[in-house]
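Colleague: One structure coming up, written as structure tokens, with questions to follow.
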Amino acid sequence: AAKAGKVDGVIERLAELGVAETWVYESERAVVKWDGEKLRKHTDRWRAIAMSTAKQSHNPYLLHAGGGLSWTELQRRVAKEDVAVVLWEEASLPFRTALVEPADRVALVVGPEGGLSRSEAEQLADSGSQLVSLGPRILRTENAAVVAVSALLYHYGLIG
């Protein structure tokens, strides 16, 4: 997970783009560790940001933002999705080739500031995700999420 202030900005941008939900999850290399009270406070803030952004952007859908998913819960959620992709800097498969037609929903996993470990990437792949790359540049977590969602929207003809 990114630091709380950076997550605020990501929530705002993802809400503008029409993302249905976003979750902060636990991982080996995450810089930020979320305890119960801190997480509750930030989750309330993220929901307020999503509400405000939906109004401002005339988005009829409200992004559901939350946090504190355990690694096991993240794997469970990914395994239930028809299309799940994980951005991983060591992946060789280009992001665009993992996108199938048609898709009503795409689960996108973006690693924490410290990146996903090989073990975590492999576990997500074992849960049914495709490990993909956005290209040769390593983007900051908060930028990777926005770039990937924008690419998804473009691919499916929802923007551009």
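Following the order of the structure tokens, first chain is A, next is B, and so on, with residues numbered from 1 inside each chain and ligands from 1 in the order they appear.
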Within 8 Å of segment 123-147 of chain A, which residues of segment 42-95 of chain A come that close, and what is the closest atom pair and distance in Å for each? Count only C-alpha atoms and give it as CSV.
Modeller:
```
residue,atom,partner,partner_atom,distance
A:Gln75,CA,A:Ser127,CA,6.1
A:Arg76,CA,A:Ser127,CA,7.5
A:Val78,CA,A:Ser127,CA,6.6
A:Ala79,CA,A:Ser127,CA,4.9
A:Val83,CA,A:Ser129,CA,7.3
A:Ala84,CA,A:Ser129,CA,4.7
A:Val85,CA,A:Gln130,CA,4.8
A:Val86,CA,A:Leu131,CA,4.9
A:Leu87,CA,A:Val132,CA,5.1
A:Trp88,CA,A:Ser133,CA,5.9
A:Glu89,CA,A:Ser133,CA,6.0
A:Glu90,CA,A:Ser133,CA,7.4
A:Ala91,CA,A:Val132,CA,5.2
A:Ser92,CA,A:Ser133,CA,6.1
A:Leu93,CA,A:Val132,CA,4.9
A:Pro94,CA,A:Ser133,CA,5.1
A:Phe95,CA,A:Val132,CA,5.0
```
Colleague: Can you work out the spacing between atom CA of Ser150 of chain A and atom CA of Glu12 of chain A in Å, to one decimal?
Modeller: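 Result for atom CA of Ser150 of chain A versus atom CA of Glu12 of chain A: 13.7 Å, one decimal.
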Colleague: Excluding Leu116 of chain A and residues on its chain fewer than 5 positions from it, collect all residues at most 8 Å away from it, counting only C-alpha atoms, and give them as number ranges by chain.
Modeller: A: 27-29, 88, 111, 121
Colleague: Please determine, counting only C-alpha atoms, which residue among A:Val24, A:Leu108, A:Ile11, A:Leu99 has the shortest atom-to-atom distance to Ala50 of chain A.
Modeller: A:Ile11
